[in-house]
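Student: Just one file: data-v8.cif, with mmCIF, N, CA and C atoms.
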data_coords
loop_
_atom_site.label_atom_id
_atom_site.label_comp_id
_atom_site.auth_asym_id
_atom_site.auth_seq_id
_atom_site.Cartn_x
_atom_site.Cartn_y
_atom_site.Cartn_z
N MET K 1 20.63 -31.41 14.00
CA MET K 1 21.08 -30.70 12.82
C MET K 1 21.13 -29.21 13.13
N ASN K 2 22.27 -28.60 12.90
CA ASN K 2 22.45 -27.18 13.15
C ASN K 2 22.00 -26.38 11.94
N SER K 3 21.19 -25.37 12.21
CA SER K 3 20.82 -24.49 11.11
C SER K 3 21.80 -23.33 11.08
N PRO K 4 22.06 -22.78 9.90
CA PRO K 4 23.02 -21.68 9.82
C PRO K 4 22.48 -20.46 10.55
N ALA K 5 23.39 -19.69 11.08
CA ALA K 5 23.01 -18.46 11.77
C ALA K 5 22.51 -17.45 10.74
N PRO K 6 21.52 -16.66 11.12
CA PRO K 6 21.04 -15.65 10.18
C PRO K 6 22.14 -14.62 9.91
N PRO K 7 22.11 -14.00 8.75
CA PRO K 7 23.13 -13.00 8.47
C PRO K 7 23.00 -11.83 9.44
N PRO K 8 24.10 -11.19 9.74
CA PRO K 8 24.01 -10.04 10.66
C PRO K 8 23.22 -8.91 10.01
N GLY K 9 22.53 -8.16 10.83
CA GLY K 9 21.77 -7.02 10.32
C GLY K 9 22.70 -5.91 9.86
N ARG K 10 22.17 -5.05 9.06
CA ARG K 10 22.94 -3.90 8.58
C ARG K 10 22.66 -2.71 9.48
N THR K 11 23.65 -1.87 9.61
CA THR K 11 23.48 -0.65 10.39
C THR K 11 22.74 0.38 9.55
N ASP K 12 22.24 1.42 10.22
CA ASP K 12 21.60 2.51 9.49
C ASP K 12 22.56 3.13 8.48
N ALA K 13 23.81 3.29 8.87
CA ALA K 13 24.80 3.89 7.97
C ALA K 13 25.02 3.02 6.73
N GLU K 14 25.07 1.70 6.92
CA GLU K 14 25.25 0.80 5.77
C GLU K 14 24.03 0.84 4.86
N LEU K 15 22.85 0.87 5.44
CA LEU K 15 21.63 0.92 4.63
C LEU K 15 21.51 2.25 3.89
N ALA K 16 21.82 3.35 4.58
CA ALA K 16 21.72 4.66 3.95
C ALA K 16 22.71 4.83 2.80
N ALA K 17 23.76 4.03 2.79
CA ALA K 17 24.76 4.12 1.73
C ALA K 17 24.35 3.34 0.47
N LEU K 18 23.25 2.60 0.54
CA LEU K 18 22.80 1.84 -0.63
C LEU K 18 22.37 2.79 -1.74
N ASP K 19 22.52 2.34 -2.97
CA ASP K 19 22.14 3.11 -4.15
C ASP K 19 20.67 2.83 -4.44
N VAL K 20 19.79 3.65 -3.88
CA VAL K 20 18.35 3.42 -4.01
C VAL K 20 17.90 3.48 -5.47
N PRO K 21 18.34 4.46 -6.28
CA PRO K 21 17.92 4.44 -7.69
C PRO K 21 18.32 3.14 -8.40
N ALA K 22 19.49 2.59 -8.09
CA ALA K 22 19.91 1.33 -8.70
C ALA K 22 19.01 0.19 -8.21
N LEU K 23 18.65 0.19 -6.93
CA LEU K 23 17.74 -0.83 -6.42
C LEU K 23 16.39 -0.74 -7.13
N LEU K 24 15.93 0.48 -7.40
CA LEU K 24 14.69 0.66 -8.14
C LEU K 24 14.82 0.12 -9.56
N ARG K 25 15.93 0.43 -10.21
CA ARG K 25 16.12 -0.02 -11.59
C ARG K 25 16.18 -1.54 -11.70
N PHE K 26 16.76 -2.20 -10.72
CA PHE K 26 16.85 -3.66 -10.76
C PHE K 26 15.64 -4.35 -10.14
N GLY K 27 15.00 -3.70 -9.17
CA GLY K 27 13.91 -4.35 -8.45
C GLY K 27 12.54 -4.19 -9.05
N LEU K 28 12.32 -3.14 -9.82
CA LEU K 28 10.98 -2.91 -10.35
C LEU K 28 10.61 -3.77 -11.56
N PRO K 29 11.53 -4.05 -12.48
CA PRO K 29 11.10 -4.71 -13.72
C PRO K 29 10.51 -6.11 -13.55
N ALA K 30 10.97 -6.90 -12.61
CA ALA K 30 10.48 -8.27 -12.49
C ALA K 30 10.47 -8.71 -11.03
N ASP K 31 9.50 -9.55 -10.72
CA ASP K 31 9.42 -10.10 -9.38
C ASP K 31 10.63 -11.02 -9.15
N GLY K 32 11.07 -11.11 -7.92
CA GLY K 32 12.19 -11.98 -7.60
C GLY K 32 13.04 -11.37 -6.50
N PRO K 33 14.29 -11.82 -6.36
CA PRO K 33 15.13 -11.37 -5.25
C PRO K 33 15.46 -9.88 -5.30
N HIS K 34 15.57 -9.30 -6.50
CA HIS K 34 15.87 -7.87 -6.58
C HIS K 34 14.68 -7.04 -6.07
N ARG K 35 13.47 -7.48 -6.41
CA ARG K 35 12.29 -6.76 -5.91
C ARG K 35 12.17 -6.90 -4.40
N ARG K 36 12.45 -8.10 -3.89
CA ARG K 36 12.40 -8.28 -2.43
C ARG K 36 13.42 -7.38 -1.74
N ALA K 37 14.60 -7.24 -2.33
CA ALA K 37 15.63 -6.35 -1.76
C ALA K 37 15.16 -4.90 -1.82
N LEU K 38 14.49 -4.52 -2.90
CA LEU K 38 13.98 -3.15 -3.03
C LEU K 38 12.97 -2.84 -1.94
N PHE K 39 12.04 -3.76 -1.69
CA PHE K 39 11.00 -3.52 -0.70
C PHE K 39 11.48 -3.75 0.73
N ALA K 40 12.66 -4.31 0.90
CA ALA K 40 13.22 -4.52 2.23
C ALA K 40 14.32 -3.48 2.47
N ASP K 41 15.55 -3.82 2.16
CA ASP K 41 16.67 -2.90 2.41
C ASP K 41 16.51 -1.58 1.65
N GLY K 42 15.98 -1.63 0.44
CA GLY K 42 15.82 -0.41 -0.35
C GLY K 42 14.83 0.56 0.27
N ALA K 43 13.74 0.03 0.81
CA ALA K 43 12.75 0.89 1.46
C ALA K 43 13.31 1.49 2.75
N VAL K 44 14.07 0.70 3.49
CA VAL K 44 14.70 1.22 4.72
C VAL K 44 15.72 2.29 4.35
N ALA K 45 16.53 2.04 3.34
CA ALA K 45 17.52 3.03 2.91
C ALA K 45 16.84 4.33 2.49
N ALA K 46 15.75 4.22 1.73
CA ALA K 46 15.02 5.41 1.29
C ALA K 46 14.44 6.16 2.49
N ALA K 47 13.91 5.43 3.45
CA ALA K 47 13.36 6.08 4.64
C ALA K 47 14.45 6.81 5.42
N LEU K 48 15.61 6.21 5.54
CA LEU K 48 16.72 6.87 6.23
C LEU K 48 17.14 8.14 5.51
N LEU K 49 17.22 8.08 4.19
CA LEU K 49 17.62 9.25 3.41
C LEU K 49 16.56 10.34 3.50
N ALA K 50 15.29 9.95 3.44
CA ALA K 50 14.21 10.94 3.57
C ALA K 50 14.22 11.58 4.95
N GLU K 51 14.50 10.77 5.96
CA GLU K 51 14.58 11.28 7.33
C GLU K 51 15.68 12.34 7.45
N ARG K 52 16.81 12.09 6.80
CA ARG K 52 17.91 13.06 6.81
C ARG K 52 17.51 14.38 6.15
N CYS K 53 16.60 14.29 5.18
CA CYS K 53 16.11 15.49 4.49
C CYS K 53 14.90 16.10 5.20
N GLU K 54 14.58 15.57 6.38
CA GLU K 54 13.49 16.08 7.21
C GLU K 54 12.13 15.95 6.52
N VAL K 55 11.96 14.92 5.73
CA VAL K 55 10.69 14.66 5.04
C VAL K 55 9.75 13.95 6.00
N PRO K 56 8.56 14.49 6.23
CA PRO K 56 7.61 13.79 7.10
C PRO K 56 6.99 12.61 6.37
N PRO K 57 6.58 11.60 7.11
CA PRO K 57 6.00 10.41 6.48
C PRO K 57 4.80 10.73 5.58
N TYR K 58 3.95 11.67 6.01
CA TYR K 58 2.75 11.96 5.22
C TYR K 58 3.11 12.51 3.84
N ALA K 59 4.26 13.16 3.70
CA ALA K 59 4.66 13.70 2.40
C ALA K 59 5.00 12.57 1.42
N VAL K 60 5.67 11.53 1.91
CA VAL K 60 5.98 10.38 1.05
C VAL K 60 4.69 9.63 0.71
N SER K 61 3.80 9.53 1.67
CA SER K 61 2.51 8.89 1.42
C SER K 61 1.72 9.67 0.37
N TYR K 62 1.76 10.98 0.45
CA TYR K 62 1.07 11.82 -0.53
C TYR K 62 1.68 11.63 -1.92
N LEU K 63 3.01 11.58 -2.00
CA LEU K 63 3.66 11.34 -3.28
C LEU K 63 3.22 9.98 -3.84
N SER K 64 3.07 9.01 -2.98
CA SER K 64 2.57 7.71 -3.40
C SER K 64 1.20 7.83 -4.05
N GLU K 65 0.33 8.61 -3.44
CA GLU K 65 -1.01 8.80 -3.99
C GLU K 65 -0.98 9.56 -5.31
N VAL K 66 -0.06 10.51 -5.45
CA VAL K 66 0.09 11.22 -6.72
C VAL K 66 0.50 10.23 -7.81
N VAL K 67 1.47 9.38 -7.50
CA VAL K 67 1.93 8.38 -8.47
C VAL K 67 0.77 7.45 -8.83
N ARG K 68 0.02 7.01 -7.83
CA ARG K 68 -1.08 6.08 -8.07
C ARG K 68 -2.19 6.74 -8.91
N ALA K 69 -2.52 7.99 -8.61
CA ALA K 69 -3.64 8.65 -9.27
C ALA K 69 -3.27 9.30 -10.61
N ALA K 70 -2.13 9.94 -10.66
CA ALA K 70 -1.77 10.71 -11.86
C ALA K 70 -0.72 10.02 -12.71
N GLY K 71 -0.01 9.05 -12.13
CA GLY K 71 0.98 8.31 -12.89
C GLY K 71 2.41 8.73 -12.56
N LEU K 72 3.31 7.87 -12.94
CA LEU K 72 4.73 8.09 -12.68
C LEU K 72 5.25 9.31 -13.42
N ARG K 73 4.82 9.49 -14.67
CA ARG K 73 5.29 10.63 -15.46
C ARG K 73 4.89 11.96 -14.81
N ALA K 74 3.65 12.05 -14.35
CA ALA K 74 3.17 13.28 -13.71
C ALA K 74 3.94 13.56 -12.42
N ALA K 75 4.16 12.51 -11.63
CA ALA K 75 4.89 12.70 -10.38
C ALA K 75 6.33 13.12 -10.65
N ALA K 76 6.95 12.51 -11.65
CA ALA K 76 8.34 12.87 -11.99
C ALA K 76 8.44 14.29 -12.51
N GLY K 77 7.36 14.82 -13.04
CA GLY K 77 7.36 16.19 -13.56
C GLY K 77 7.11 17.26 -12.51
N LEU K 78 6.82 16.86 -11.29
CA LEU K 78 6.59 17.85 -10.23
C LEU K 78 7.88 18.59 -9.91
N PRO K 79 7.81 19.91 -9.73
CA PRO K 79 9.04 20.65 -9.40
C PRO K 79 9.59 20.29 -8.03
N GLU K 80 8.72 20.00 -7.08
CA GLU K 80 9.15 19.58 -5.74
C GLU K 80 8.28 18.43 -5.28
N PRO K 81 8.62 17.21 -5.70
CA PRO K 81 7.79 16.07 -5.31
C PRO K 81 7.80 15.83 -3.80
N LEU K 82 8.87 16.23 -3.13
CA LEU K 82 8.96 16.20 -1.67
C LEU K 82 9.62 17.50 -1.23
N VAL K 83 9.26 17.98 -0.06
CA VAL K 83 9.87 19.19 0.46
C VAL K 83 10.79 18.87 1.62
N GLY K 84 11.80 19.68 1.77
CA GLY K 84 12.81 19.50 2.80
C GLY K 84 14.17 19.73 2.17
N PRO K 85 15.18 19.96 2.98
CA PRO K 85 16.52 20.21 2.44
C PRO K 85 17.03 19.01 1.63
N GLY K 86 17.10 19.17 0.33
CA GLY K 86 17.57 18.11 -0.55
C GLY K 86 16.53 17.07 -0.92
N ALA K 87 15.30 17.23 -0.43
CA ALA K 87 14.26 16.22 -0.64
C ALA K 87 13.78 16.17 -2.09
N ALA K 88 13.69 17.32 -2.75
CA ALA K 88 13.23 17.32 -4.15
C ALA K 88 14.19 16.52 -5.03
N GLU K 89 15.49 16.69 -4.80
CA GLU K 89 16.48 15.95 -5.58
C GLU K 89 16.41 14.46 -5.27
N LEU K 90 16.23 14.14 -4.01
CA LEU K 90 16.13 12.75 -3.59
C LEU K 90 14.95 12.07 -4.27
N ALA K 91 13.78 12.68 -4.19
CA ALA K 91 12.59 12.10 -4.83
C ALA K 91 12.75 12.06 -6.34
N GLY K 92 13.38 13.07 -6.90
CA GLY K 92 13.63 13.08 -8.34
C GLY K 92 14.49 11.90 -8.78
N GLU K 93 15.50 11.56 -7.96
CA GLU K 93 16.35 10.40 -8.26
C GLU K 93 15.54 9.11 -8.20
N TRP K 94 14.68 8.99 -7.20
CA TRP K 94 13.85 7.78 -7.09
C TRP K 94 12.93 7.65 -8.28
N LEU K 95 12.24 8.74 -8.61
CA LEU K 95 11.27 8.68 -9.70
C LEU K 95 11.96 8.47 -11.04
N ALA K 96 13.12 9.07 -11.23
CA ALA K 96 13.89 8.86 -12.46
C ALA K 96 14.37 7.42 -12.55
N GLY K 97 14.81 6.86 -11.43
CA GLY K 97 15.24 5.45 -11.41
C GLY K 97 14.10 4.53 -11.81
N ALA K 98 12.91 4.82 -11.32
CA ALA K 98 11.74 4.00 -11.66
C ALA K 98 11.36 4.20 -13.13
N ALA K 99 11.35 5.45 -13.57
CA ALA K 99 10.95 5.74 -14.96
C ALA K 99 11.95 5.18 -15.97
N ALA K 100 13.19 4.96 -15.55
CA ALA K 100 14.20 4.44 -16.47
C ALA K 100 13.91 3.00 -16.90
N VAL K 101 13.15 2.27 -16.09
CA VAL K 101 12.92 0.85 -16.40
C VAL K 101 11.45 0.49 -16.56
N LEU K 102 10.56 1.43 -16.28
CA LEU K 102 9.13 1.17 -16.38
C LEU K 102 8.51 2.09 -17.41
N ASP K 103 7.40 1.64 -17.97
CA ASP K 103 6.61 2.51 -18.84
C ASP K 103 5.91 3.51 -17.93
N ALA K 104 6.31 4.77 -18.03
CA ALA K 104 5.80 5.80 -17.12
C ALA K 104 4.31 6.03 -17.28
N ASP K 105 3.71 5.52 -18.36
CA ASP K 105 2.27 5.68 -18.58
C ASP K 105 1.47 4.45 -18.19
N ASP K 106 2.14 3.40 -17.72
CA ASP K 106 1.48 2.16 -17.35
C ASP K 106 0.97 2.25 -15.92
N ALA K 107 -0.34 2.05 -15.76
CA ALA K 107 -0.95 2.17 -14.43
C ALA K 107 -0.41 1.12 -13.46
N ALA K 108 -0.16 -0.09 -13.93
CA ALA K 108 0.37 -1.14 -13.05
C ALA K 108 1.77 -0.78 -12.57
N ALA K 109 2.57 -0.20 -13.44
CA ALA K 109 3.91 0.23 -13.05
C ALA K 109 3.82 1.33 -12.01
N GLY K 110 2.92 2.26 -12.22
CA GLY K 110 2.72 3.33 -11.24
C GLY K 110 2.27 2.79 -9.90
N ALA K 111 1.40 1.78 -9.93
CA ALA K 111 0.92 1.19 -8.68
C ALA K 111 2.06 0.51 -7.92
N LEU K 112 2.97 -0.12 -8.63
CA LEU K 112 4.11 -0.77 -7.98
C LEU K 112 5.01 0.27 -7.30
N VAL K 113 5.29 1.37 -8.00
CA VAL K 113 6.10 2.44 -7.42
C VAL K 113 5.36 3.06 -6.23
N ALA K 114 4.06 3.24 -6.36
CA ALA K 114 3.26 3.79 -5.26
C ALA K 114 3.31 2.86 -4.05
N ASP K 115 3.24 1.56 -4.28
CA ASP K 115 3.34 0.61 -3.16
C ASP K 115 4.69 0.73 -2.45
N TRP K 116 5.75 0.89 -3.23
CA TRP K 116 7.09 1.04 -2.63
C TRP K 116 7.16 2.33 -1.83
N LEU K 117 6.62 3.42 -2.38
CA LEU K 117 6.62 4.68 -1.65
C LEU K 117 5.82 4.56 -0.35
N GLU K 118 4.73 3.83 -0.37
CA GLU K 118 3.95 3.60 0.85
C GLU K 118 4.77 2.84 1.89
N ALA K 119 5.57 1.88 1.42
CA ALA K 119 6.44 1.14 2.35
C ALA K 119 7.46 2.10 2.97
N VAL K 120 8.01 2.99 2.17
CA VAL K 120 8.96 3.98 2.67
C VAL K 120 8.28 4.88 3.71
N ALA K 121 7.07 5.34 3.40
CA ALA K 121 6.32 6.20 4.33
C ALA K 121 6.04 5.48 5.64
N ALA K 122 5.67 4.20 5.55
CA ALA K 122 5.39 3.42 6.77
C ALA K 122 6.64 3.28 7.63
N LEU K 123 7.77 3.04 6.99
CA LEU K 123 9.03 2.92 7.74
C LEU K 123 9.42 4.26 8.37
N LEU K 124 9.21 5.34 7.64
CA LEU K 124 9.48 6.67 8.21
C LEU K 124 8.63 6.89 9.46
N GLU K 125 7.35 6.53 9.36
CA GLU K 125 6.45 6.70 10.50
C GLU K 125 6.88 5.83 11.67
N LEU K 126 7.26 4.59 11.40
CA LEU K 126 7.74 3.71 12.47
C LEU K 126 8.98 4.27 13.14
N ARG K 127 9.89 4.80 12.36
CA ARG K 127 11.11 5.38 12.95
C ARG K 127 10.76 6.61 13.78
N ARG K 128 9.79 7.38 13.32
CA ARG K 128 9.42 8.61 14.02
C ARG K 128 8.71 8.30 15.33
N THR K 129 7.80 7.35 15.31
CA THR K 129 7.01 7.07 16.51
C THR K 129 7.58 5.97 17.37
N GLY K 130 8.54 5.22 16.85
CA GLY K 130 9.05 4.08 17.59
C GLY K 130 10.26 4.34 18.45
N ARG K 131 10.69 5.58 18.54
CA ARG K 131 11.87 5.89 19.34
C ARG K 131 11.49 6.30 20.75
N PRO K 132 12.21 5.81 21.74
CA PRO K 132 11.95 6.26 23.11
C PRO K 132 12.14 7.76 23.22
N GLY K 133 11.24 8.40 23.96
CA GLY K 133 11.37 9.83 24.19
C GLY K 133 10.79 10.68 23.09
N ARG K 134 10.27 10.08 22.02
CA ARG K 134 9.64 10.84 20.94
C ARG K 134 8.14 10.83 21.16
N PRO K 135 7.44 11.87 20.75
CA PRO K 135 5.99 11.86 20.89
C PRO K 135 5.39 10.62 20.23
N GLY K 136 4.60 9.88 20.97
CA GLY K 136 3.97 8.68 20.47
C GLY K 136 4.86 7.45 20.52
N GLY K 137 6.12 7.62 20.91
CA GLY K 137 7.05 6.50 20.94
C GLY K 137 7.04 5.78 22.27
N PRO K 138 7.71 4.64 22.35
CA PRO K 138 7.78 3.89 23.60
C PRO K 138 8.44 4.74 24.70
N GLY K 139 8.04 4.53 25.87
CA GLY K 139 8.63 5.24 27.00
C GLY K 139 7.99 6.58 27.28
N ARG K 140 7.00 6.95 26.46
CA ARG K 140 6.28 8.22 26.66
C ARG K 140 4.92 7.93 27.27
N ARG K 141 4.53 8.74 28.18
CA ARG K 141 3.19 8.61 28.76
C ARG K 141 2.40 9.85 28.36
N GLY K 142 1.11 9.59 28.06
CA GLY K 142 0.19 10.69 27.80
C GLY K 142 0.35 11.29 26.53
#
Can you present the structure in this file as structure tokens?

Tutor:
Amino acid sequence: MNSPAPPPGRTDAELAALDVPALLRFGLPADGPHRRALFADGAVAAALLAERCEVPPYAVSYLSEVVRAAGLRAAAGLPEPLVGPGAAELAGEWLAGAAAVLDADDAAAGALVADWLEAVAALLELRRTGRPGRPGGPGRRG
């Protein structure tokens, strides 16, 4: 019995073109295929966009902790939730997308957004350290 071939992977350009705020709006409200897409392709797309804005992984991780500790509303109210060229607008779009469908004062909702931001931060770190010729990446000695 032949099993179907897996779908082809998406390129970085295709992933970066995804509408991350829309993925947040559809993926956050309920568990299921939309949430899986948010934490998979959506997190990769967000990491690619953050990378373009020169956002370091620790900054996204810190934003995650702000969301977890202070809540989604507090994080969305920050004047510069992320720093870098265009990063504040990017993070503002993400947080607004999440706040559009979640109770911004609900701790569980904030924890879900924080978990997604942590996934984005982890992917940013993997992209940063996993490239040949980059500090800490494969192919580097010492």

Student: Selected by the PyMOL selection byres (((chain K and resi 53 and name CA) around 7) and name CA) in the shown coordinates: which residues, as a VMD selection string?

Tutor: chain K and resid 49 to 52 54 to 55 84 to 87

Student: My list of candidates is K:Glu89, K:Asp41, K:Glu65, K:Glu14. Which is closest to Leu117 (chain K) when distances are computed with only N, CA and C atoms?

Tutor: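 Ranked by minimum distance to Leu117 (chain K), first place goes to K:Glu65.
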
Student: Starting from the shown file, work through the PyMOL selection byres (((chain K and resi 108 and name CA) around 12) and name CA) and note down what comes out as a list in words.

Tutor: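 Selected by the PyMOL selection byres (((chain K and resi 108 and name CA) around 12) and name CA) in this file: Leu28, Pro29, Val67, Arg68, Ala69, Gly71, Leu72, Leu102, Asp103, Ala104, Asp105, Asp106, Ala107, Ala109, Gly110, Ala111, Leu112, Val113, Ala114 and Asp115 of chain K.
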
Student: Just checking: using only N, CA and C atoms, which residue out of K:Leu126, K:Ala30, K:Val44, K:Val101 ends up closest to Leu15 (chain K)?

Tutor: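 Of K:Leu126, K:Ala30, K:Val44, K:Val101, the one nearest Leu15 (chain K) is K:Val44, counting only N, CA and C atoms.
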
Student: How far is it from CA of Leu124 (chain K) to atom C of Val60 (chain K), in Å with one decimal?

Tutor: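 Distance reported for this atom pair: 9.4 Å.
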
Student: To test your reading of the syntax: which residues would the PyMOL selection byres ((chain K and resi 20) around 7) return for the file shown? Reply as a CSV table (one decimal) with N, CA and C atoms, in the frame of the given file.

Tutor:
chain,number,residue,atom,x,y,z
K,17,ALA,N,23.8,4.0,2.8
K,17,ALA,CA,24.8,4.1,1.7
K,17,ALA,C,24.4,3.3,0.5
K,18,LEU,N,23.2,2.6,0.5
K,18,LEU,CA,22.8,1.8,-0.6
K,18,LEU,C,22.4,2.8,-1.7
K,19,ASP,N,22.5,2.3,-3.0
K,19,ASP,CA,22.1,3.1,-4.2
K,19,ASP,C,20.7,2.8,-4.4
K,21,PRO,N,18.3,4.5,-6.3
K,21,PRO,CA,17.9,4.4,-7.7
K,21,PRO,C,18.3,3.1,-8.4
K,22,ALA,N,19.5,2.6,-8.1
K,22,ALA,CA,19.9,1.3,-8.7
K,22,ALA,C,19.0,0.2,-8.2
K,23,LEU,N,18.6,0.2,-6.9
K,23,LEU,CA,17.7,-0.8,-6.4
K,23,LEU,C,16.4,-0.7,-7.1
K,24,LEU,N,15.9,0.5,-7.4
K,24,LEU,CA,14.7,0.7,-8.1
K,24,LEU,C,14.8,0.1,-9.6
K,25,ARG,N,15.9,0.4,-10.2
K,25,ARG,CA,16.1,0.0,-11.6
K,25,ARG,C,16.2,-1.5,-11.7
K,42,GLY,N,16.0,-1.6,0.4
K,42,GLY,CA,15.8,-0.4,-0.4
K,42,GLY,C,14.8,0.6,0.3
K,45,ALA,N,16.5,2.0,3.3
K,45,ALA,CA,17.5,3.0,2.9
K,45,ALA,C,16.8,4.3,2.5
K,46,ALA,N,15.8,4.2,1.7
K,46,ALA,CA,15.0,5.4,1.3
K,46,ALA,C,14.4,6.2,2.5
K,93,GLU,N,15.5,11.6,-8.0
K,93,GLU,CA,16.4,10.4,-8.3
K,93,GLU,C,15.5,9.1,-8.2
K,94,TRP,N,14.7,9.0,-7.2
K,94,TRP,CA,13.8,7.8,-7.1
K,94,TRP,C,12.9,7.6,-8.3
K,97,GLY,N,14.8,6.9,-11.4
K,97,GLY,CA,15.2,5.4,-11.4
K,97,GLY,C,14.1,4.5,-11.8

Student: Please report, as JSON, numbers by chain, each residue of chain K to which DSSP assigns helix (DSSP H, G or I) when run on this structure's backbone.

Tutor: {"K": [12, 13, 14, 15, 16, 20, 21, 22, 23, 24, 25, 26, 27, 33, 34, 35, 36, 37, 38, 39, 40, 41, 42, 43, 44, 45, 46, 47, 48, 49, 50, 51, 52, 57, 58, 59, 60, 61, 62, 63, 64, 65, 66, 67, 68, 69, 70, 72, 73, 74, 75, 76, 87, 88, 89, 90, 91, 92, 93, 94, 95, 96, 97, 98, 99, 107, 108, 109, 110, 111, 112, 113, 114, 115, 116, 117, 118, 119, 120, 121, 122, 123, 124, 125, 126, 127, 128, 129]}

Student: What is the CA of Ala99 (chain K)-CA of Pro81 (chain K) distance in Å, reported with one decimal?

Tutor: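 Result for CA of Ala99 (chain K) versus CA of Pro81 (chain K): 14.5 Å, one decimal.
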
Student: Quick one: pull the distance between atom N of His34 (chain K) and CA of Leu48 (chain K), Å, one decimal.

Tutor: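 Atom-to-atom, atom N of His34 (chain K) to CA of Leu48 (chain K), that is 20.6 Å.
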
Student: I'd like to know which of K:Ala119, K:Ala96, K:Leu90, K:Val83 is closest to Pro56 (chain K), using all atoms listed in the file.

Tutor: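 The closest residue to Pro56 (chain K) is K:Val83.
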
Student: Would it be fine to have region 25-38 of chain K, with N, CA, C and O atoms, given as a tab-separated table (two decimals), in the first residue's frame?

Tutor:
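In the end it all went to result05.tsv:
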chain	number	residue	atom	x	y	z
K	25	ARG	N	-5.80	35.59	15.02
K	25	ARG	CA	-7.25	35.75	15.22
K	25	ARG	C	-7.99	34.43	15.05
K	25	ARG	O	-8.96	34.17	15.76
K	26	PHE	N	-7.55	33.59	14.14
K	26	PHE	CA	-8.22	32.31	13.92
K	26	PHE	C	-7.68	31.20	14.81
K	26	PHE	O	-8.40	30.27	15.16
K	27	GLY	N	-6.40	31.29	15.18
K	27	GLY	CA	-5.78	30.19	15.92
K	27	GLY	C	-5.90	30.26	17.42
K	27	GLY	O	-5.84	29.24	18.10
K	28	LEU	N	-6.08	31.46	17.97
K	28	LEU	CA	-6.12	31.58	19.42
K	28	LEU	C	-7.45	31.18	20.06
K	28	LEU	O	-7.45	30.60	21.14
K	29	PRO	N	-8.60	31.47	19.45
K	29	PRO	CA	-9.85	31.23	20.17
K	29	PRO	C	-10.15	29.78	20.55
K	29	PRO	O	-10.76	29.53	21.58
K	30	ALA	N	-9.77	28.82	19.74
K	30	ALA	CA	-10.12	27.43	20.04
K	30	ALA	C	-9.03	26.49	19.55
K	30	ALA	O	-8.37	26.75	18.54
K	31	ASP	N	-8.88	25.41	20.30
K	31	ASP	CA	-7.92	24.39	19.90
K	31	ASP	C	-8.40	23.73	18.60
K	31	ASP	O	-9.58	23.67	18.33
K	32	GLY	N	-7.47	23.29	17.79
K	32	GLY	CA	-7.82	22.62	16.55
K	32	GLY	C	-6.81	22.95	15.46
K	32	GLY	O	-5.70	23.40	15.74
K	33	PRO	N	-7.18	22.75	14.19
K	33	PRO	CA	-6.23	22.93	13.10
K	33	PRO	C	-5.72	24.36	12.95
K	33	PRO	O	-4.56	24.57	12.58
K	34	HIS	N	-6.55	25.35	13.27
K	34	HIS	CA	-6.10	26.74	13.15
K	34	HIS	C	-5.02	27.04	14.20
K	34	HIS	O	-4.05	27.75	13.91
K	35	ARG	N	-5.20	26.51	15.41
K	35	ARG	CA	-4.18	26.73	16.43
K	35	ARG	C	-2.89	26.01	16.06
K	35	ARG	O	-1.79	26.52	16.25
K	36	ARG	N	-3.01	24.79	15.53
K	36	ARG	CA	-1.80	24.07	15.10
K	36	ARG	C	-1.06	24.85	14.01
K	36	ARG	O	0.16	24.94	14.01
K	37	ALA	N	-1.81	25.45	13.09
K	37	ALA	CA	-1.19	26.25	12.03
K	37	ALA	C	-0.52	27.49	12.63
K	37	ALA	O	0.56	27.89	12.20
K	38	LEU	N	-1.14	28.09	13.64
K	38	LEU	CA	-0.56	29.26	14.30
K	38	LEU	C	0.77	28.92	14.95
K	38	LEU	O	1.75	29.65	14.80
